[in-house]
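So this block is upload22.tsv, TSV, C-alpha atoms:
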chain	number	residue	atom	x	y	z
H	1	MET	CA	20.43	124.19	78.56
H	2	ALA	CA	19.48	124.04	82.22
H	3	GLU	CA	23.07	122.97	82.82
H	4	VAL	CA	26.12	124.14	80.88
H	5	LEU	CA	28.72	121.47	80.26
H	6	ASP	CA	32.49	121.86	79.86
H	7	ASN	CA	35.06	119.57	78.23
H	8	VAL	CA	32.46	117.67	76.19
H	9	PRO	CA	34.02	114.63	74.38
H	10	GLU	CA	34.26	114.64	70.59
H	11	HIS	CA	31.66	111.88	70.09
H	12	CYS	CA	29.23	113.05	72.74
H	13	PRO	CA	25.75	111.55	72.11
H	14	GLY	CA	24.17	114.84	73.16
H	15	THR	CA	23.00	116.04	76.54
H	16	THR	CA	19.31	115.45	75.69
H	17	SER	CA	19.87	112.01	74.13
H	18	GLU	CA	18.54	108.83	75.73
H	19	GLN	CA	22.18	107.67	75.78
H	20	ALA	CA	23.39	110.76	77.63
H	21	GLY	CA	25.76	109.63	80.41
H	22	LYS	CA	25.28	105.97	79.42
H	23	SER	CA	27.19	105.63	76.14
H	24	SER	CA	30.71	104.19	76.04
H	25	THR	CA	31.94	107.55	74.79
H	26	CYS	CA	30.75	109.09	78.08
H	27	GLN	CA	33.33	107.13	80.08
H	28	GLY	CA	35.75	109.53	81.71
H	29	CYS	CA	33.71	112.64	80.84
H	30	PRO	CA	33.43	114.97	83.86
H	31	ASN	CA	29.77	115.52	82.99
H	32	GLN	CA	28.79	111.82	82.92
H	33	THR	CA	27.02	111.77	86.28
H	34	LEU	CA	25.15	114.99	85.51
H	35	CYS	CA	23.95	113.71	82.12
H	36	ALA	CA	22.96	110.31	83.46
H	37	SER	CA	20.84	111.99	86.15
H	38	GLY	CA	18.58	113.52	83.48
H	39	ALA	CA	19.13	117.06	84.74
H	40	THR	CA	20.42	118.21	81.34
H	41	LYS	CA	17.11	117.28	79.71
H	42	ALA	CA	15.09	119.68	81.83
H	43	PRO	CA	14.00	122.83	79.95
H	44	ASP	CA	15.62	126.09	80.98
H	45	PRO	CA	12.96	128.08	82.92
H	46	ALA	CA	14.37	131.24	81.33
H	47	ILE	CA	12.85	130.22	77.98
H	48	ALA	CA	9.31	130.66	79.32
H	49	GLU	CA	10.30	133.88	81.10
H	50	ILE	CA	11.74	135.31	77.89
H	51	GLY	CA	8.62	134.25	76.01
H	52	ALA	CA	6.48	136.22	78.44
H	53	LYS	CA	8.85	139.20	78.35
H	54	LEU	CA	8.83	139.39	74.54
H	55	SER	CA	5.13	138.68	74.07
H	56	SER	CA	4.63	142.37	73.28
H	57	VAL	CA	7.18	142.28	70.43
H	58	LYS	CA	5.36	141.84	67.12
H	59	HIS	CA	8.27	140.90	64.86
H	60	LYS	CA	11.69	139.40	65.61
H	61	ILE	CA	14.40	139.31	62.93
H	62	LEU	CA	17.87	137.77	63.26
H	63	VAL	CA	20.67	139.09	61.04
H	64	LEU	CA	23.29	136.39	60.32
H	65	SER	CA	26.45	135.97	58.29
H	66	GLY	CA	28.79	133.07	57.71
H	67	LYS	CA	31.91	135.23	57.69
H	68	GLY	CA	32.95	138.41	59.45
H	69	GLY	CA	33.55	141.66	57.59
H	70	VAL	CA	30.69	141.30	55.12
H	71	GLY	CA	28.67	144.24	56.49
H	72	LYS	CA	26.25	142.40	58.76
H	73	SER	CA	26.25	144.96	61.58
H	74	THR	CA	26.08	147.76	59.03
H	75	PHE	CA	22.98	146.14	57.55
H	76	SER	CA	21.41	145.57	60.98
H	77	ALA	CA	21.91	149.22	61.89
H	78	HIS	CA	20.47	150.52	58.63
H	79	LEU	CA	17.53	148.13	58.78
H	80	ALA	CA	16.77	149.55	62.23
H	81	HIS	CA	17.15	153.13	60.98
H	82	ALA	CA	14.91	152.46	57.98
H	83	LEU	CA	12.14	150.85	60.05
H	84	ALA	CA	12.34	153.65	62.61
H	85	GLY	CA	11.75	156.13	59.78
H	86	ASP	CA	8.07	155.40	60.40
H	87	SER	CA	7.45	157.35	63.59
H	88	THR	CA	4.40	155.22	64.39
H	89	LYS	CA	6.60	152.13	64.81
H	90	GLU	CA	8.72	151.14	67.84
H	91	ILE	CA	12.04	149.54	66.91
H	92	ALA	CA	14.83	147.93	68.96
H	93	LEU	CA	18.27	146.69	67.92
H	94	LEU	CA	19.94	144.04	70.09
H	95	ASP	CA	23.66	143.42	69.58
H	96	ILE	CA	24.65	139.89	70.73
H	97	ASP	CA	28.10	140.02	69.14
H	98	ILE	CA	29.62	139.73	72.61
H	99	CYS	CA	33.29	139.80	71.57
H	100	GLY	CA	32.99	142.37	68.77
H	101	PRO	CA	30.23	144.85	69.62
H	102	SER	CA	30.34	147.44	66.83
H	103	ILE	CA	26.71	148.59	67.05
H	104	PRO	CA	27.36	151.40	69.61
H	105	ARG	CA	29.84	153.04	67.21
H	106	ILE	CA	27.68	152.54	64.11
H	107	MET	CA	24.63	153.98	65.88
H	108	GLY	CA	26.54	156.97	67.27
H	109	LEU	CA	26.16	155.80	70.88
H	110	GLU	CA	29.75	155.25	72.03
H	111	GLY	CA	30.20	156.31	75.66
H	112	GLU	CA	26.54	155.77	76.53
H	113	GLN	CA	25.66	153.66	79.55
H	114	VAL	CA	22.82	151.33	80.49
H	115	HIS	CA	20.69	152.36	83.46
H	116	GLN	CA	18.78	150.13	85.86
H	117	SER	CA	15.11	150.79	86.54
H	118	GLY	CA	12.42	149.01	88.47
H	119	SER	CA	11.38	147.13	85.34
H	120	GLY	CA	14.90	146.10	84.30
H	121	TRP	CA	17.76	147.50	82.23
H	122	SER	CA	16.81	150.52	80.17
H	123	PRO	CA	18.10	150.39	76.59
H	124	VAL	CA	19.86	153.38	75.03
H	125	TYR	CA	17.77	155.42	72.59
H	126	VAL	CA	18.96	156.82	69.26
H	127	GLU	CA	15.56	158.29	68.52
H	128	ASP	CA	12.33	158.31	70.51
H	129	ASN	CA	11.29	155.12	68.68
H	130	LEU	CA	14.68	153.40	68.24
H	131	ALA	CA	16.24	151.58	71.22
H	132	VAL	CA	19.62	149.83	71.28
H	133	MET	CA	21.23	147.33	73.66
H	134	SER	CA	24.80	146.05	73.45
H	135	ILE	CA	27.50	144.76	75.74
H	136	GLY	CA	29.49	147.73	74.42
H	137	PHE	CA	27.48	149.91	76.82
H	138	LEU	CA	28.74	147.83	79.76
H	139	LEU	CA	32.46	148.21	78.97
H	140	SER	CA	34.59	150.96	80.51
H	141	SER	CA	36.32	151.52	77.15
H	142	PRO	CA	35.56	150.58	73.52
H	143	ASP	CA	39.03	149.00	73.43
H	144	ASP	CA	38.29	146.58	76.27
H	145	ALA	CA	38.41	142.92	75.18
H	146	VAL	CA	35.63	140.55	76.22
H	147	ILE	CA	37.38	137.23	76.87
H	148	TRP	CA	34.57	134.90	77.84
H	149	ARG	CA	33.81	131.21	77.38
H	150	GLY	CA	30.46	130.06	76.00
H	151	PRO	CA	28.50	129.76	79.26
H	152	LYS	CA	29.16	133.39	80.22
H	153	LYS	CA	28.20	134.59	76.72
H	154	ASN	CA	24.99	132.59	76.94
H	155	GLY	CA	24.22	134.13	80.33
H	156	MET	CA	24.67	137.63	78.90
H	157	ILE	CA	22.31	136.92	76.00
H	158	LYS	CA	19.75	135.54	78.44
H	159	GLN	CA	19.97	138.75	80.47
H	160	PHE	CA	19.54	140.93	77.39
H	161	LEU	CA	16.36	139.09	76.41
H	162	ARG	CA	14.87	138.67	79.88
H	163	ASP	CA	16.03	141.67	81.89
H	164	VAL	CA	15.94	144.57	79.41
H	165	ASP	CA	12.81	146.70	79.56
H	166	TRP	CA	11.97	146.47	75.85
H	167	GLY	CA	8.36	147.56	76.22
H	168	GLU	CA	5.99	147.16	73.28
H	169	LEU	CA	7.87	146.82	70.00
H	170	ASP	CA	6.95	146.46	66.37
H	171	TYR	CA	10.38	145.08	65.44
H	172	LEU	CA	13.26	143.58	67.41
H	173	ILE	CA	16.36	143.19	65.23
H	174	VAL	CA	19.09	140.92	66.60
H	175	ASP	CA	22.61	141.47	65.26
H	176	THR	CA	24.56	138.24	65.73
H	177	PRO	CA	28.29	137.45	65.44
H	178	PRO	CA	29.52	135.65	62.31
H	179	GLY	CA	29.39	131.87	62.20
H	180	THR	CA	27.24	129.22	63.89
H	181	SER	CA	28.41	128.97	67.49
H	182	ASP	CA	27.26	129.49	71.08
H	183	GLU	CA	25.56	132.81	70.55
H	184	HIS	CA	23.48	131.52	67.64
H	185	LEU	CA	22.38	128.38	69.46
H	186	SER	CA	21.53	130.45	72.54
H	187	ILE	CA	19.44	133.06	70.76
H	188	VAL	CA	17.46	130.41	68.85
H	189	GLN	CA	16.86	128.37	72.01
H	190	TYR	CA	15.93	131.34	74.20
H	191	LEU	CA	13.48	132.58	71.58
H	192	GLY	CA	12.03	129.09	71.28
H	193	SER	CA	8.78	129.97	73.07
H	194	THR	CA	8.19	133.05	70.89
H	195	HIS	CA	7.46	133.50	67.22
H	196	VAL	CA	10.58	134.50	65.27
H	197	ASP	CA	9.78	135.83	61.80
H	198	GLY	CA	13.10	134.62	60.42
H	199	ALA	CA	16.68	135.42	59.51
H	200	VAL	CA	18.28	137.73	56.98
H	201	ILE	CA	21.63	136.35	55.83
H	202	ILE	CA	24.37	138.71	54.67
H	203	THR	CA	27.14	137.80	52.23
H	204	THR	CA	29.51	139.30	49.68
H	205	PRO	CA	29.82	138.09	46.07
H	206	GLN	CA	33.02	136.03	46.26
H	207	GLU	CA	32.98	132.27	46.80
H	208	VAL	CA	35.05	132.43	49.99
H	209	SER	CA	32.08	134.21	51.63
H	210	LEU	CA	29.36	132.13	49.97
H	211	GLN	CA	31.01	128.94	51.19
H	212	ASP	CA	30.45	129.99	54.80
H	213	VAL	CA	26.98	131.33	54.06
H	214	ARG	CA	25.91	127.89	52.87
H	215	LYS	CA	26.88	126.61	56.33
H	216	GLU	CA	24.73	129.37	57.87
H	217	ILE	CA	21.81	128.29	55.71
H	218	ARG	CA	22.24	124.67	56.85
H	219	PHE	CA	22.27	125.91	60.44
H	220	CYS	CA	18.94	127.71	59.93
H	221	GLN	CA	17.44	124.60	58.38
H	222	LYS	CA	18.65	122.37	61.24
H	223	VAL	CA	17.22	124.61	63.97
H	224	LYS	CA	14.07	125.30	61.92
H	225	LEU	CA	14.71	129.04	61.68
H	226	PRO	CA	12.90	130.51	58.65
H	227	ILE	CA	15.09	132.38	56.17
H	228	ILE	CA	13.60	135.69	55.05
H	229	GLY	CA	16.24	136.04	52.35
H	230	VAL	CA	19.82	136.82	51.43
H	231	VAL	CA	21.45	140.22	50.95
H	232	GLU	CA	24.60	140.55	48.85
H	233	ASN	CA	26.74	143.40	50.16
H	234	MET	CA	29.63	145.06	48.27
H	235	SER	CA	28.01	144.00	45.01
H	236	GLY	CA	29.97	146.10	42.54
H	237	PHE	CA	31.06	149.72	42.78
H	238	VAL	CA	28.97	152.44	41.17
H	239	CYS	CA	31.16	155.38	40.15
H	240	PRO	CA	29.61	158.56	41.59
H	241	LYS	CA	30.66	160.51	38.47
H	242	CYS	CA	30.15	158.30	35.41
H	243	LYS	CA	27.65	155.91	37.13
H	244	ASN	CA	29.32	152.85	35.58
H	245	THR	CA	29.56	149.72	37.73
H	246	SER	CA	32.85	147.91	38.39
H	247	GLN	CA	33.14	144.49	40.06
H	248	ILE	CA	35.56	144.96	42.97
H	249	PHE	CA	34.80	141.47	44.29
H	250	PRO	CA	34.00	139.40	41.18
H	251	PRO	CA	31.29	136.74	41.74
H	252	SER	CA	33.51	133.89	40.50
H	253	SER	CA	30.88	131.22	41.23
H	254	GLY	CA	27.84	133.29	40.31
H	255	GLY	CA	27.51	135.23	43.55
H	256	ALA	CA	24.51	135.24	45.86
H	257	GLU	CA	22.14	135.26	42.89
H	258	LYS	CA	23.20	131.79	41.71
H	259	MET	CA	23.40	130.44	45.26
H	260	CYS	CA	19.86	131.58	46.01
H	261	ALA	CA	18.60	130.08	42.75
H	262	ASP	CA	20.30	126.77	43.54
H	263	LEU	CA	18.93	126.68	47.11
H	264	ASN	CA	15.51	128.16	46.29
H	265	LEU	CA	15.96	131.16	48.56
H	266	PRO	CA	14.88	134.78	48.00
H	267	LEU	CA	17.64	137.23	47.04
H	268	LEU	CA	16.45	140.40	48.75
H	269	GLY	CA	18.91	142.69	46.99
H	270	LYS	CA	22.47	143.48	45.95
H	271	VAL	CA	23.90	146.52	47.74
H	272	PRO	CA	26.72	148.22	45.79
H	273	LEU	CA	29.92	149.43	47.43
H	274	ASP	CA	29.77	153.05	48.48
H	275	PRO	CA	32.54	154.68	50.57
H	276	ARG	CA	29.90	156.91	52.15
H	277	ILE	CA	28.36	153.89	53.90
H	278	ALA	CA	31.61	153.24	55.78
H	279	ARG	CA	32.00	156.94	56.59
H	280	SER	CA	28.44	157.15	57.92
H	281	CYS	CA	29.07	154.14	60.18
H	282	ASP	CA	32.32	155.63	61.51
H	283	GLU	CA	30.49	158.88	62.25
H	284	GLY	CA	27.49	157.13	63.81
H	285	LYS	CA	25.02	158.44	61.25
H	286	SER	CA	22.38	156.83	59.06
H	287	PHE	CA	23.60	156.49	55.48
H	288	LEU	CA	19.96	156.33	54.38
H	289	SER	CA	19.37	159.82	55.78
H	290	GLU	CA	22.71	161.25	54.69
H	291	VAL	CA	22.54	160.13	51.03
H	292	PRO	CA	18.93	159.03	50.41
H	293	ASP	CA	19.14	159.24	46.60
H	294	SER	CA	22.28	157.10	46.18
H	295	PRO	CA	22.06	153.74	44.34
H	296	ALA	CA	22.90	151.86	47.55
H	297	ALA	CA	20.21	153.68	49.55
H	298	LYS	CA	17.59	152.84	46.92
H	299	VAL	CA	18.54	149.16	47.09
H	300	TYR	CA	18.33	149.29	50.89
H	301	GLN	CA	14.84	150.76	50.67
H	302	LYS	CA	13.65	147.91	48.42
H	303	ILE	CA	15.19	145.32	50.74
H	304	VAL	CA	13.53	146.84	53.80
H	305	GLN	CA	10.16	146.87	52.01
H	306	SER	CA	10.58	143.18	51.14
H	307	ILE	CA	11.35	142.37	54.79
H	308	GLN	CA	8.30	144.31	55.96
H	309	ASP	CA	6.10	142.48	53.46
H	310	TYR	CA	7.49	139.14	54.62
H	311	CYS	CA	6.83	139.98	58.28
H	312	SER	CA	3.27	141.10	57.52
H	313	ASN	CA	2.58	137.80	55.76
H	314	SER	CA	4.26	135.88	58.58
H	315	ALA	CA	2.07	137.63	61.16
H	316	THR	CA	-1.06	136.77	59.18
H	317	GLN	CA	-0.05	133.11	58.94
H	318	GLN	CA	0.75	133.01	62.66
H	319	GLN	CA	-2.64	134.53	63.47
H	320	ASP	CA	-4.35	131.90	61.31
H	321	ILE	CA	-2.50	129.11	63.15
H	322	THR	CA	-3.47	130.57	66.54
H	323	THR	CA	-7.10	130.88	65.47
H	324	ARG	CA	-7.22	127.26	64.30
H	325	GLN	CA	-5.70	126.06	67.57
H	326	GLU	CA	-8.35	127.92	69.54
Could you rewrite the structure in this file as structure tokens?
Amino acid sequence: MAEVLDNVPEHCPGTTSEQAGKSSTCQGCPNQTLCASGATKAPDPAIAEIGAKLSSVKHKILVLSGKGGVGKSTFSAHLAHALAGDSTKEIALLDIDICGPSIPRIMGLEGEQVHQSGSGWSPVYVEDNLAVMSIGFLLSSPDDAVIWRGPKKNGMIKQFLRDVDWGELDYLIVDTPPGTSDEHLSIVQYLGSTHVDGAVIITTPQEVSLQDVRKEIRFCQKVKLPIIGVVENMSGFVCPKCKNTSQIFPPSSGGAEKMCADLNLPLLGKVPLDPRIARSCDEGKSFLSEVPDSPAAKVYQKIVQSIQDYCSNSATQQQDITTRQE
């Protein structure tokens, strides 16, 4: 990704391929000369810089979803809140949903601005141990539209990783946009020289969501990104009075539970619908603090514990690999 290419032909052999710039499909492509020169095969120097910058971050977790509107940013925010509940831990939440940055609103930080210091951009703090960075802090209004092509989005993500003064962190949570596009490829590539614990994939029970989640799972497998597990959001509605559960979005094909069984993936939990979650997000508050004894909050707590256990095991395995290499 040393060079960003535009107008790539449909059957492009790939910029790092031996046939780059030489294949018959390259004829007429405006990038043919660049590809044939070998410049596109050179590693981006920013990858090593980012690796050095994030060397003091113990755990890195990506939150993904195949489809929008399934509660991915809500989950990212509450995962950050839950981890920050331990005052001995340093947590950061990075929002790389460039075109739809909802994290500032969910975290109660709308109107905040990023400040420049000698060591880079200073993130915005929710608590003393919970930092947040989002393009939403760089916009003059929450209603401003970000209308950017891929290369500019990639440049912004690079800046967030390389130029933000993250300091020493126990967890960096990355909230991504839905799908498998530029932002996802960029974050995986830029974190290539660091250890990423894995991805948490968010879905809802209906097949129309699961269909896209399967694509997200294939993406993770192709780029060799470990999958921590799957979370099923909006999994039934628990009546606050009678406590009975109703299926608002029926799992017509078996829901996330069957999908995870078929694909041999961990199902971290099934979070029920609760109107108070949406209200907490609109008000910029932590649902886990507002209603800690609710059924949804209890499921969240179990999911967070599973993620922490996974990261602890991942760190141990990584340490073993490093020791063997030495």
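Candidate residues H:Val126, H:Leu172, H:Ile157, H:Val230 were compared for distance to H:Leu268, and the nearest is H:Val230, using only C-alpha atoms.
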Counting all atoms listed in the file, closest pick from H:Glu112, H:Arg218, H:Ala20, H:Ser37 relative to H:Gly136 is H:Glu112
Pairwise distance, atom CA of H:Pro13 with atom CA of H:Lys153, equals 23.6 Å
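Shortest atom-to-atom contact with H:His184 among H:Cys239, H:Ile307, H:Cys220, H:Ile277: H:Cys220, counting only C-alpha atoms.
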Close residues, H:Phe75 itself excluded, 10 Å, all atoms listed in the file, min 3 positions apart in chain, as a PDB file with C-alpha atoms, in the frame of the given file:
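Written output follows (out-v1.pdb):
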ATOM      1  CA  VAL H  63      20.670 139.090  61.040  1.00  0.00           C
ATOM      2  CA  VAL H  70      30.690 141.300  55.120  1.00  0.00           C
ATOM      3  CA  GLY H  71      28.670 144.240  56.490  1.00  0.00           C
ATOM      4  CA  LYS H  72      26.250 142.400  58.760  1.00  0.00           C
ATOM      5  CA  HIS H  78      20.470 150.520  58.630  1.00  0.00           C
ATOM      6  CA  LEU H  79      17.530 148.130  58.780  1.00  0.00           C
ATOM      7  CA  ALA H  80      16.770 149.550  62.230  1.00  0.00           C
ATOM      8  CA  HIS H  81      17.150 153.130  60.980  1.00  0.00           C
ATOM      9  CA  ASP H 175      22.610 141.470  65.260  1.00  0.00           C
ATOM     10  CA  VAL H 200      18.280 137.730  56.980  1.00  0.00           C
ATOM     11  CA  ILE H 202      24.370 138.710  54.670  1.00  0.00           C
ATOM     12  CA  VAL H 231      21.450 140.220  50.950  1.00  0.00           C
ATOM     13  CA  ASN H 233      26.740 143.400  50.160  1.00  0.00           C
ATOM     14  CA  VAL H 271      23.900 146.520  47.740  1.00  0.00           C
ATOM     15  CA  TYR H 300      18.330 149.290  50.890  1.00  0.00           C
TER      16      TYR H 300
END
As JSON, please: the centre and edge lengths in Å, to one decimal, of an axis-aligned box enclosing every listed atom of stretch 148-164 of chain H with 4 Å added on each side.
{"center_x": 24.7, "center_y": 137.2, "center_z": 78.9, "size_x": 27.7, "size_y": 22.8, "size_z": 13.9}
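Distance-wise, atom CA of H:Ser87 and atom CA of H:Lys53 end up 23.4 Å apart.
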With only C-alpha atoms as the counted atoms, please give the residues lying no more than 10 Å from H:Ala131, apart from itself and same-chain residues fewer than 2 positions off, as a PDB file with C-alpha atoms, keeping the file's coordinate frame.
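Wrote out-v5.pdb, looks like this:
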ATOM      1  CA  ALA H  80      16.770 149.550  62.230  1.00  0.00           C
ATOM      2  CA  ALA H  84      12.340 153.650  62.610  1.00  0.00           C
ATOM      3  CA  GLU H  90       8.720 151.140  67.840  1.00  0.00           C
ATOM      4  CA  ILE H  91      12.040 149.540  66.910  1.00  0.00           C
ATOM      5  CA  ALA H  92      14.830 147.930  68.960  1.00  0.00           C
ATOM      6  CA  LEU H  93      18.270 146.690  67.920  1.00  0.00           C
ATOM      7  CA  LEU H  94      19.940 144.040  70.090  1.00  0.00           C
ATOM      8  CA  SER H 122      16.810 150.520  80.170  1.00  0.00           C
ATOM      9  CA  PRO H 123      18.100 150.390  76.590  1.00  0.00           C
ATOM     10  CA  VAL H 124      19.860 153.380  75.030  1.00  0.00           C
ATOM     11  CA  TYR H 125      17.770 155.420  72.590  1.00  0.00           C
ATOM     12  CA  VAL H 126      18.960 156.820  69.260  1.00  0.00           C
ATOM     13  CA  GLU H 127      15.560 158.290  68.520  1.00  0.00           C
ATOM     14  CA  ASP H 128      12.330 158.310  70.510  1.00  0.00           C
ATOM     15  CA  ASN H 129      11.290 155.120  68.680  1.00  0.00           C
ATOM     16  CA  MET H 133      21.230 147.330  73.660  1.00  0.00           C
ATOM     17  CA  TRP H 166      11.970 146.470  75.850  1.00  0.00           C
ATOM     18  CA  LEU H 169       7.870 146.820  70.000  1.00  0.00           C
ATOM     19  CA  LEU H 172      13.260 143.580  67.410  1.00  0.00           C
TER      20      LEU H 172
END
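When all atoms listed in the file are used to compute distances to H:Met234, the closest of the residues H:Gly179, H:Pro266, H:Pro272, H:Pro251 turns out to be H:Pro272.
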Can you list, as a list in words, every protein, DNA or RNA residue that comes within 12 Å of H:Ser141 when you count all atoms listed in the file, leaving out same-chain residues fewer than 2 positions away? Pro101, Pro104, Arg105, Glu110, Gly111, Glu112, Gln113, Ile135, Gly136, Phe137, Leu138, Leu139, Asp143, Asp144, Ala145 and Val146 of chain H
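When atom CA of H:Val174 is paired with atom CA of H:Ser73, their separation reads 9.6 Å.
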Considering all atoms listed in the file, can you say which of H:Cys281, H:Leu83, H:Cys311, H:Cys35 comes closest to H:Val196? H:Cys311
Using the block above, I'd like stretch 96-109 of chain H written out, keeping N, CA and C atoms and formatting it as a compact mmCIF listing (two decimals), in the first residue's frame.
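This is the output file selection_23.txt:
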# COMPACT_ATOMS: atom_id res chain seq x y z
N ILE H 96 -13.09 3.96 13.59
CA ILE H 96 -12.63 4.15 12.21
C ILE H 96 -13.80 4.08 11.23
N ASP H 97 -15.01 4.27 11.74
CA ASP H 97 -16.17 4.38 10.85
C ASP H 97 -16.17 5.82 10.34
N ILE H 98 -15.40 6.05 9.28
CA ILE H 98 -15.12 7.41 8.82
C ILE H 98 -16.39 8.14 8.38
N CYS H 99 -17.29 7.44 7.69
CA CYS H 99 -18.47 8.10 7.15
C CYS H 99 -19.66 8.12 8.12
N GLY H 100 -19.61 7.29 9.16
CA GLY H 100 -20.72 7.25 10.12
C GLY H 100 -20.24 7.18 11.54
N PRO H 101 -19.50 8.19 12.00
CA PRO H 101 -18.92 8.14 13.36
C PRO H 101 -19.96 8.40 14.46
N SER H 102 -20.46 7.33 15.06
CA SER H 102 -21.48 7.48 16.10
C SER H 102 -20.89 7.39 17.51
N ILE H 103 -19.63 7.02 17.62
CA ILE H 103 -19.02 6.84 18.94
C ILE H 103 -19.04 8.12 19.80
N PRO H 104 -18.76 9.32 19.24
CA PRO H 104 -18.81 10.51 20.10
C PRO H 104 -20.17 10.68 20.79
N ARG H 105 -21.27 10.42 20.08
CA ARG H 105 -22.60 10.55 20.69
C ARG H 105 -22.82 9.48 21.75
N ILE H 106 -22.48 8.23 21.41
CA ILE H 106 -22.71 7.12 22.34
C ILE H 106 -21.89 7.29 23.62
N MET H 107 -20.70 7.87 23.49
CA MET H 107 -19.83 8.02 24.66
C MET H 107 -20.06 9.35 25.38
N GLY H 108 -21.02 10.14 24.92
CA GLY H 108 -21.32 11.41 25.58
C GLY H 108 -20.26 12.47 25.35
N LEU H 109 -19.64 12.45 24.16
CA LEU H 109 -18.51 13.35 23.88
C LEU H 109 -18.78 14.29 22.71
